[in-house]
file entry-v7.cif (mmCIF, C-alpha atoms)
data_final
loop_
_atom_site.group_PDB
_atom_site.id
_atom_site.type_symbol
_atom_site.label_atom_id
_atom_site.label_comp_id
_atom_site.auth_asym_id
_atom_site.auth_seq_id
_atom_site.Cartn_x
_atom_site.Cartn_y
_atom_site.Cartn_z
ATOM 1 C CA MET A 1 143.144 377.471 280.807
ATOM 2 C CA TRP A 2 141.587 380.614 279.431
ATOM 3 C CA LYS A 3 142.487 384.046 280.782
ATOM 4 C CA ALA A 4 140.632 386.890 279.106
ATOM 5 C CA GLU A 5 143.530 389.333 279.336
ATOM 6 C CA LEU A 6 145.671 386.987 277.229
ATOM 7 C CA PHE A 7 143.266 386.923 274.310
ATOM 8 C CA ARG A 8 142.890 390.501 273.214
ATOM 9 C CA LYS A 9 142.727 389.598 269.554
ATOM 10 C CA LYS A 10 142.982 392.482 267.130
ATOM 11 C CA LEU A 11 139.994 392.967 264.860
ATOM 12 C CA VAL A 12 141.966 392.231 261.691
ATOM 13 C CA MET A 13 145.054 390.237 262.678
ATOM 14 C CA LYS A 14 144.715 386.466 262.420
ATOM 15 C CA ILE A 15 147.128 384.250 264.358
ATOM 16 C CA ILE A 16 147.741 380.744 263.019
ATOM 17 C CA SER A 17 150.202 378.212 264.377
ATOM 18 C CA PHE A 18 151.633 375.129 262.690
ATOM 19 C CA ALA A 19 151.976 372.244 265.127
ATOM 20 C CA THR A 20 152.371 368.486 265.094
ATOM 21 C CA GLN A 21 153.097 365.481 267.276
ATOM 22 C CA LYS A 22 155.603 363.984 264.851
ATOM 23 C CA GLY A 23 158.764 365.140 263.139
ATOM 24 C CA GLY A 24 159.278 365.034 259.392
ATOM 25 C CA SER A 25 155.782 366.252 258.556
ATOM 26 C CA GLY A 26 156.995 369.338 256.689
ATOM 27 C CA LYS A 27 155.677 371.774 259.291
ATOM 28 C CA SER A 28 158.270 374.512 258.741
ATOM 29 C CA THR A 29 158.179 374.042 254.969
ATOM 30 C CA LEU A 30 154.404 374.432 254.930
ATOM 31 C CA THR A 31 154.736 377.605 256.987
ATOM 32 C CA LEU A 32 157.223 379.080 254.504
ATOM 33 C CA VAL A 33 155.294 378.042 251.402
ATOM 34 C CA LEU A 34 152.058 379.640 252.603
ATOM 35 C CA ALA A 35 153.660 382.747 254.112
ATOM 36 C CA ALA A 36 155.448 383.594 250.864
ATOM 37 C CA ALA A 37 152.426 383.000 248.644
ATOM 38 C CA LEU A 38 150.013 384.910 250.872
ATOM 39 C CA ALA A 39 152.414 387.861 251.030
ATOM 40 C CA VAL A 40 153.357 387.908 247.329
ATOM 41 C CA ASP A 41 150.152 386.851 245.574
ATOM 42 C CA TYR A 42 147.511 387.974 248.039
ATOM 43 C CA LYS A 43 149.271 391.112 249.324
ATOM 44 C CA LEU A 44 148.787 390.296 252.982
ATOM 45 C CA LYS A 45 151.116 391.784 255.570
ATOM 46 C CA VAL A 46 152.584 388.621 257.086
ATOM 47 C CA ALA A 47 154.871 387.887 260.029
ATOM 48 C CA VAL A 48 156.346 384.497 260.890
ATOM 49 C CA LEU A 49 157.356 383.761 264.481
ATOM 50 C CA ASP A 50 159.974 381.016 264.494
ATOM 51 C CA CYS A 51 159.579 379.376 267.900
ATOM 52 C CA ASP A 52 160.960 376.002 266.835
ATOM 53 C CA TYR A 53 164.128 374.977 268.646
ATOM 54 C CA GLN A 54 165.758 374.119 265.306
ATOM 55 C CA GLN A 55 165.103 377.644 263.965
ATOM 56 C CA SER A 56 164.782 376.271 260.414
ATOM 57 C CA ILE A 57 162.962 379.326 259.100
ATOM 58 C CA VAL A 58 165.425 381.807 260.587
ATOM 59 C CA LYS A 59 168.335 379.756 259.233
ATOM 60 C CA THR A 60 166.793 379.703 255.753
ATOM 61 C CA ARG A 61 166.666 383.492 255.707
ATOM 62 C CA VAL A 62 170.096 384.111 257.247
ATOM 63 C CA GLN A 63 172.111 381.320 255.640
ATOM 64 C CA ILE A 64 170.478 381.106 252.202
ATOM 65 C CA ASP A 65 168.220 384.026 251.306
ATOM 66 C CA GLU A 66 170.266 386.922 252.686
ATOM 67 C CA GLU A 67 172.934 386.458 250.010
ATOM 68 C CA SER A 68 170.242 386.237 247.323
ATOM 69 C CA LEU A 69 168.650 389.457 248.555
ATOM 70 C CA GLN A 70 171.960 391.323 248.397
ATOM 71 C CA LEU A 71 172.470 390.163 244.805
ATOM 72 C CA LEU A 72 168.934 391.239 243.958
ATOM 73 C CA LYS A 73 169.582 394.695 245.436
ATOM 74 C CA GLU A 74 172.376 395.248 242.912
ATOM 75 C CA SER A 75 169.760 395.519 240.164
ATOM 76 C CA ASN A 76 166.871 396.646 242.350
ATOM 77 C CA PRO A 77 167.950 398.723 245.376
ATOM 78 C CA ASP A 78 164.386 398.690 246.725
ATOM 79 C CA ALA A 79 164.199 394.901 246.859
ATOM 80 C CA THR A 80 163.160 393.510 250.226
ATOM 81 C CA TYR A 81 161.713 390.412 251.824
ATOM 82 C CA PRO A 82 157.977 389.874 251.246
ATOM 83 C CA PHE A 83 157.294 389.067 254.902
ATOM 84 C CA ASP A 84 158.910 389.501 258.319
ATOM 85 C CA ILE A 85 160.499 386.769 260.437
ATOM 86 C CA PHE A 86 161.106 386.902 264.173
ATOM 87 C CA SER A 87 163.014 384.435 266.316
ATOM 88 C CA ILE A 88 160.973 384.371 269.483
ATOM 89 C CA ASP A 89 160.517 382.268 272.604
ATOM 90 C CA LEU A 90 157.135 380.616 273.096
ATOM 91 C CA ASN A 91 156.538 382.725 276.183
ATOM 92 C CA GLY A 92 156.988 385.870 274.091
ATOM 93 C CA ILE A 93 154.076 385.147 271.762
ATOM 94 C CA PHE A 94 151.493 386.913 273.919
ATOM 95 C CA ASP A 95 153.601 390.058 274.152
ATOM 96 C CA PHE A 96 154.019 390.063 270.369
ATOM 97 C CA VAL A 97 150.306 389.634 269.757
ATOM 98 C CA ASP A 98 149.334 392.341 272.237
ATOM 99 C CA ASN A 99 151.878 394.871 270.942
ATOM 100 C CA PRO A 100 149.868 397.519 269.018
ATOM 101 C CA GLU A 101 152.887 398.211 266.793
ATOM 102 C CA ASN A 102 152.591 394.721 265.275
ATOM 103 C CA ASP A 103 149.818 395.563 262.841
ATOM 104 C CA TYR A 104 149.993 392.481 260.612
ATOM 105 C CA ASP A 105 147.111 390.939 258.710
ATOM 106 C CA LEU A 106 148.408 387.469 259.460
ATOM 107 C CA VAL A 107 150.861 385.985 261.957
ATOM 108 C CA PHE A 108 152.161 382.447 261.464
ATOM 109 C CA ILE A 109 153.754 380.662 264.417
ATOM 110 C CA ASP A 110 156.099 377.731 263.833
ATOM 111 C CA VAL A 111 156.057 375.899 267.164
ATOM 112 C CA PRO A 112 158.591 373.254 268.277
ATOM 113 C CA GLY A 113 158.634 369.990 266.350
ATOM 114 C CA ARG A 114 156.739 368.039 268.990
ATOM 115 C CA ALA A 115 153.802 369.866 270.513
ATOM 116 C CA ASP A 116 153.809 367.946 273.784
ATOM 117 C CA GLY A 117 154.699 370.486 276.472
ATOM 118 C CA ASP A 118 152.581 372.860 278.548
ATOM 119 C CA ASP A 119 154.402 375.851 277.078
ATOM 120 C CA VAL A 120 153.407 374.747 273.576
ATOM 121 C CA PHE A 121 149.759 374.220 274.450
ATOM 122 C CA ASN A 122 149.632 377.559 276.260
ATOM 123 C CA ALA A 123 150.981 379.174 273.093
ATOM 124 C CA LEU A 124 148.343 377.451 270.971
ATOM 125 C CA THR A 125 145.620 379.135 273.020
ATOM 126 C CA ALA A 126 146.857 382.490 271.704
ATOM 127 C CA CYS A 127 145.898 381.473 268.166
ATOM 128 C CA ASP A 128 142.808 381.844 266.057
ATOM 129 C CA ALA A 129 143.641 378.518 264.429
ATOM 130 C CA VAL A 130 146.116 375.633 264.533
ATOM 131 C CA ILE A 131 147.170 373.824 261.358
ATOM 132 C CA VAL A 132 148.364 370.224 261.696
ATOM 133 C CA PRO A 133 150.341 368.762 258.766
ATOM 134 C CA LEU A 134 149.005 365.273 258.033
ATOM 135 C CA VAL A 135 151.396 362.617 256.744
ATOM 136 C CA ALA A 136 149.903 359.192 256.021
ATOM 137 C CA ASP A 137 151.982 356.999 258.294
ATOM 138 C CA TYR A 138 150.057 354.141 259.893
ATOM 139 C CA LEU A 139 152.266 354.065 263.007
ATOM 140 C CA ASP A 140 151.743 357.791 263.662
ATOM 141 C CA ARG A 141 148.059 357.932 262.777
ATOM 142 C CA ALA A 142 146.837 357.445 266.334
ATOM 143 C CA SER A 143 149.168 360.089 267.806
ATOM 144 C CA THR A 144 148.072 362.604 265.163
ATOM 145 C CA ALA A 145 144.422 361.900 265.909
ATOM 146 C CA GLU A 146 145.108 362.177 269.645
ATOM 147 C CA PHE A 147 146.720 365.576 269.121
ATOM 148 C CA MET A 148 143.771 366.801 267.066
ATOM 149 C CA HIS A 149 141.427 365.576 269.793
ATOM 150 C CA ILE A 150 143.361 367.771 272.227
ATOM 151 C CA LEU A 151 142.842 370.690 269.867
ATOM 152 C CA GLN A 152 139.138 369.851 269.799
ATOM 153 C CA THR A 153 139.139 370.093 273.610
ATOM 154 C CA ILE A 154 140.771 373.523 273.378
ATOM 155 C CA LYS A 155 138.142 374.542 270.819
ATOM 156 C CA THR A 156 135.329 373.381 273.120
ATOM 157 C CA GLU A 157 136.690 375.530 275.944
ATOM 158 C CA ALA A 158 137.224 378.452 273.566
ATOM 159 C CA ASP A 159 133.648 378.197 272.310
ATOM 160 C CA LYS A 160 132.393 378.362 275.896
ATOM 161 C CA ALA A 161 134.433 381.516 276.441
ATOM 162 C CA GLU A 162 133.300 382.891 273.045
ATOM 163 C CA ILE A 163 136.916 383.078 271.869
ATOM 164 C CA PRO A 164 137.678 382.380 268.182
ATOM 165 C CA PHE A 165 139.598 379.122 267.755
ATOM 166 C CA GLU A 166 139.734 376.579 264.930
ATOM 167 C CA TYR A 167 142.028 373.720 263.959
ATOM 168 C CA PHE A 168 142.598 371.995 260.632
ATOM 169 C CA GLY A 169 144.627 369.134 259.250
ATOM 170 C CA ILE A 170 146.399 369.682 255.918
ATOM 171 C CA SER A 171 147.729 366.698 254.006
ATOM 172 C CA THR A 172 151.391 367.228 253.045
ATOM 173 C CA LYS A 173 153.863 365.125 251.060
ATOM 174 C CA ARG A 174 150.867 363.511 249.374
ATOM 175 C CA SER A 175 151.414 360.825 246.741
ATOM 176 C CA ASN A 176 147.844 359.483 246.446
ATOM 177 C CA ASN A 177 148.471 356.053 247.909
ATOM 178 C CA LYS A 178 146.132 353.775 249.841
ATOM 179 C CA GLU A 179 147.491 354.876 253.217
ATOM 180 C CA GLU A 180 146.583 358.498 252.509
ATOM 181 C CA GLN A 181 142.998 357.610 251.669
ATOM 182 C CA GLU A 182 142.868 355.587 254.874
ATOM 183 C CA MET A 183 144.171 358.616 256.795
ATOM 184 C CA ASP A 184 141.488 360.820 255.215
ATOM 185 C CA ASP A 185 138.780 358.309 256.140
ATOM 186 C CA TYR A 186 140.190 357.938 259.653
ATOM 187 C CA VAL A 187 140.223 361.682 260.315
ATOM 188 C CA ASP A 188 136.752 362.115 258.809
ATOM 189 C CA ALA A 189 135.332 359.240 260.856
ATOM 190 C CA LEU A 190 136.570 360.912 264.035
ATOM 191 C CA GLY A 191 134.830 364.126 263.031
ATOM 192 C CA LEU A 192 138.086 366.100 262.909
ATOM 193 C CA ALA A 193 138.483 369.060 260.563
ATOM 194 C CA ARG A 194 140.805 368.856 257.539
ATOM 195 C CA PHE A 195 141.420 370.807 254.348
ATOM 196 C CA LYS A 196 140.140 369.445 251.047
ATOM 197 C CA SER A 197 143.256 370.851 249.366
ATOM 198 C CA SER A 198 146.738 369.414 249.940
ATOM 199 C CA LEU A 199 150.399 369.568 248.934
ATOM 200 C CA SER A 200 151.967 366.682 247.042
ATOM 201 C CA TYR A 201 155.357 365.110 247.620
ATOM 202 C CA ARG A 202 157.443 367.301 245.274
ATOM 203 C CA ALA A 203 161.117 368.256 245.284
ATOM 204 C CA ALA A 204 160.232 371.914 244.644
ATOM 205 C CA TYR A 205 158.833 372.297 248.161
ATOM 206 C CA LYS A 206 162.267 371.534 249.601
ATOM 207 C CA ARG A 207 163.412 374.836 248.043
ATOM 208 C CA ALA A 208 160.827 376.947 249.860
ATOM 209 C CA SER A 209 162.239 380.449 250.284
ATOM 210 C CA THR A 210 161.756 383.447 252.566
ATOM 211 C CA LEU A 211 162.520 385.728 249.601
ATOM 212 C CA TYR A 212 160.579 384.187 246.716
ATOM 213 C CA SER A 213 157.209 382.516 246.437
ATOM 214 C CA LEU A 214 157.038 379.111 244.764
ATOM 215 C CA THR A 215 154.102 380.520 242.809
ATOM 216 C CA THR A 216 156.395 383.020 241.044
ATOM 217 C CA PRO A 217 157.049 381.520 237.567
ATOM 218 C CA ALA A 218 160.743 382.421 237.368
ATOM 219 C CA TYR A 219 161.557 380.988 240.796
ATOM 220 C CA LEU A 220 159.342 377.973 240.198
ATOM 221 C CA ARG A 221 161.296 377.148 237.040
ATOM 222 C CA TYR A 222 164.573 377.677 238.921
ATOM 223 C CA VAL A 223 163.671 375.036 241.537
ATOM 224 C CA GLY A 224 162.422 372.592 238.904
ATOM 225 C CA GLY A 225 158.727 372.915 239.639
ATOM 226 C CA ASP A 226 155.744 373.109 237.309
ATOM 227 C CA LYS A 227 152.296 374.681 237.245
ATOM 228 C CA ASN A 228 150.938 371.900 239.471
ATOM 229 C CA VAL A 229 153.006 373.276 242.356
ATOM 230 C CA SER A 230 151.543 376.758 241.906
ATOM 231 C CA GLU A 231 148.021 375.363 241.576
ATOM 232 C CA GLU A 232 148.374 373.322 244.764
ATOM 233 C CA ILE A 233 149.661 376.283 246.741
ATOM 234 C CA HIS A 234 146.908 378.565 245.488
ATOM 235 C CA ALA A 235 144.281 375.947 246.343
ATOM 236 C CA VAL A 236 145.521 375.710 249.937
ATOM 237 C CA CYS A 237 145.796 379.511 250.224
ATOM 238 C CA ASN A 238 142.296 380.011 248.835
ATOM 239 C CA GLU A 239 140.849 377.509 251.296
ATOM 240 C CA LEU A 240 142.720 379.102 254.189
ATOM 241 C CA ILE A 241 141.499 382.554 253.165
ATOM 242 C CA GLU A 242 137.919 381.331 253.005
ATOM 243 C CA ARG A 243 138.009 379.402 256.278
ATOM 244 C CA MET A 244 139.766 382.170 258.220
ATOM 245 C CA GLU A 245 138.084 385.095 256.441
ATOM 246 C CA LEU A 246 141.430 386.704 255.720
ATOM 247 C CA PRO A 247 141.298 390.317 254.490
ATOM 248 C CA VAL A 248 142.144 389.973 250.809
ATOM 249 C CA LYS A 249 140.394 391.989 248.120
ATOM 250 C CA SER A 250 140.484 389.158 245.604
ATOM 251 C CA VAL A 251 141.409 385.492 245.540
ATOM 252 C CA THR A 252 143.980 384.245 243.042
ATOM 253 C CA GLU A 253 142.729 381.432 240.883
#
call {"tool": "encode", "arguments": {"input": "entry-v7.cif", "output": "structure tokens"}}
result
Amino acid sequence: MWKAELFRKKLVMKIISFATQKGGSGKSTLTLVLAAALAVDYKLKVAVLDCDYQQSIVKTRVQIDEESLQLLKESNPDATYPFDIFSIDLNGIFDFVDNPENDYDLVFIDVPGRADGDDVFNALTACDAVIVPLVADYLDRASTAEFMHILQTIKTEADKAEIPFEYFGISTKRSNNKEEQEMDDYVDALGLARFKSSLSYRAAYKRASTLYSLTTPAYLRYVGGDKNVSEEIHAVCNELIERMELPVKSVTE
């Protein structure tokens, strides 16, 4: 599985993929929400590789945010996107990572909606960490746990090869019901890693942008969000920064 020449990790760059075994978990939305906040609030140089067949992130930028950027440039000619997006094939991930011109602090990879092919798992081995969105659905609980067990196997092999690799579950679309507590207990009982922070089920997250962060007050008001949205996002970002030792000078509270 592990080939040393494929894992020449840069000393600073961190590579994190978002993967799941089930659709509808908010994988691409979570990628956008965190990428924007980490670029805007934490001043990280971020790239997002959209490897999902649906290309949801690329479409958001091209079909929605490009027009908004052009309008913004009328009053601020220097306006630009806070992070870069690349449409890339899974097999191109290693070339991107090894390219010395790609000097990002953080690279997010949005992999296809179902991480069940060899090409997907090969891509995951290029990462420092894999984030799995957790949605409390009883019927999908076992498949999610099975996927995280696979990631644990990858981690075991990575540890043997002394290659950095972590995986974490992050609860998304949370509404604090009994099923979610059962999911937490289930994941914990299996000894799988998960974030303490989470994102609730809120309409504002459906308006995640490649141009604005949902933590920006003006944009947050525009999408009908409140301070709880910003607080949730910062909590997840802070935990990610701590767990992955991301190179920020200060952590936003």
call {"tool": "resolve_selection", "arguments": {"input": "entry-v7.cif", "expression": "the PyMOL selection byres ((chain A and resi 26-33) around 8)", "output": "PyMOL selection string"}}
result
chain A and resi 18-20+23-25+34-37+56-57+108+110+113+132-133+172-173+205-206+208-210+213-214+233
call {"tool": "write_last_selection", "arguments": {"input": "entry-v7.cif", "atoms": "C-alpha atoms", "output": "PDB file, keeping the file's coordinate frame"}}
result
ATOM      1  CA  PHE A  18     151.633 375.129 262.690  1.00  0.00           C
ATOM      2  CA  ALA A  19     151.976 372.244 265.127  1.00  0.00           C
ATOM      3  CA  THR A  20     152.371 368.486 265.094  1.00  0.00           C
ATOM      4  CA  GLY A  23     158.764 365.140 263.139  1.00  0.00           C
ATOM      5  CA  GLY A  24     159.278 365.034 259.392  1.00  0.00           C
ATOM      6  CA  SER A  25     155.782 366.252 258.556  1.00  0.00           C
ATOM      7  CA  LEU A  34     152.058 379.640 252.603  1.00  0.00           C
ATOM      8  CA  ALA A  35     153.660 382.747 254.112  1.00  0.00           C
ATOM      9  CA  ALA A  36     155.448 383.594 250.864  1.00  0.00           C
ATOM     10  CA  ALA A  37     152.426 383.000 248.644  1.00  0.00           C
ATOM     11  CA  SER A  56     164.782 376.271 260.414  1.00  0.00           C
ATOM     12  CA  ILE A  57     162.962 379.326 259.100  1.00  0.00           C
ATOM     13  CA  PHE A 108     152.161 382.447 261.464  1.00  0.00           C
ATOM     14  CA  ASP A 110     156.099 377.731 263.833  1.00  0.00           C
ATOM     15  CA  GLY A 113     158.634 369.990 266.350  1.00  0.00           C
ATOM     16  CA  VAL A 132     148.364 370.224 261.696  1.00  0.00           C
ATOM     17  CA  PRO A 133     150.341 368.762 258.766  1.00  0.00           C
ATOM     18  CA  THR A 172     151.391 367.228 253.045  1.00  0.00           C
ATOM     19  CA  LYS A 173     153.863 365.125 251.060  1.00  0.00           C
ATOM     20  CA  TYR A 205     158.833 372.297 248.161  1.00  0.00           C
ATOM     21  CA  LYS A 206     162.267 371.534 249.601  1.00  0.00           C
ATOM     22  CA  ALA A 208     160.827 376.947 249.860  1.00  0.00           C
ATOM     23  CA  SER A 209     162.239 380.449 250.284  1.00  0.00           C
ATOM     24  CA  THR A 210     161.756 383.447 252.566  1.00  0.00           C
ATOM     25  CA  SER A 213     157.209 382.516 246.437  1.00  0.00           C
ATOM     26  CA  LEU A 214     157.038 379.111 244.764  1.00  0.00           C
ATOM     27  CA  ILE A 233     149.661 376.283 246.741  1.00  0.00           C
TER      28      ILE A 233
END
call {"tool": "closest_residue", "arguments": {"input": "entry-v7.cif", "among": "A:Ile131, A:Leu246, A:Gly224, A:Asp89", "to": "Tyr42 in chain A", "atoms": "only C-alpha atoms"}}
result
A:Leu246
call {"tool": "resolve_selection", "arguments": {"input": "entry-v7.cif", "expression": "the PyMOL selection byres ((chain A and resi 182-199) around 10)", "output": "PyMOL selection string"}}
result
chain A and resi 30+131-138+141-142+144-145+148-149+151-152+166-175+177-181+200-202+205+228-229+231-240+243
call {"tool": "resolve_selection", "arguments": {"input": "entry-v7.cif", "expression": "the PyMOL selection byres ((chain A and resi 49) around 12)", "output": "ChimeraX atom specification"}}
result
/A:15-18,28,31-32,35,46-48,50-53,55-58,83-94,96-97,102,106-112,123
call {"tool": "atom_distance", "arguments": {"input": "entry-v7.cif", "atom1": "CA of Lys227 in chain A", "atom2": "CA of Leu44 in chain A"}}
result
22.4 Å
call {"tool": "atom_distance", "arguments": {"input": "entry-v7.cif", "atom1": "CA of Asp103 in chain A", "atom2": "CA of Glu162 in chain A"}}
result
23.2 Å
call {"tool": "atom_distance", "arguments": {"input": "entry-v7.cif", "atom1": "CA of Tyr104 in chain A", "atom2": "CA of Pro82 in chain A"}}
result
12.6 Å
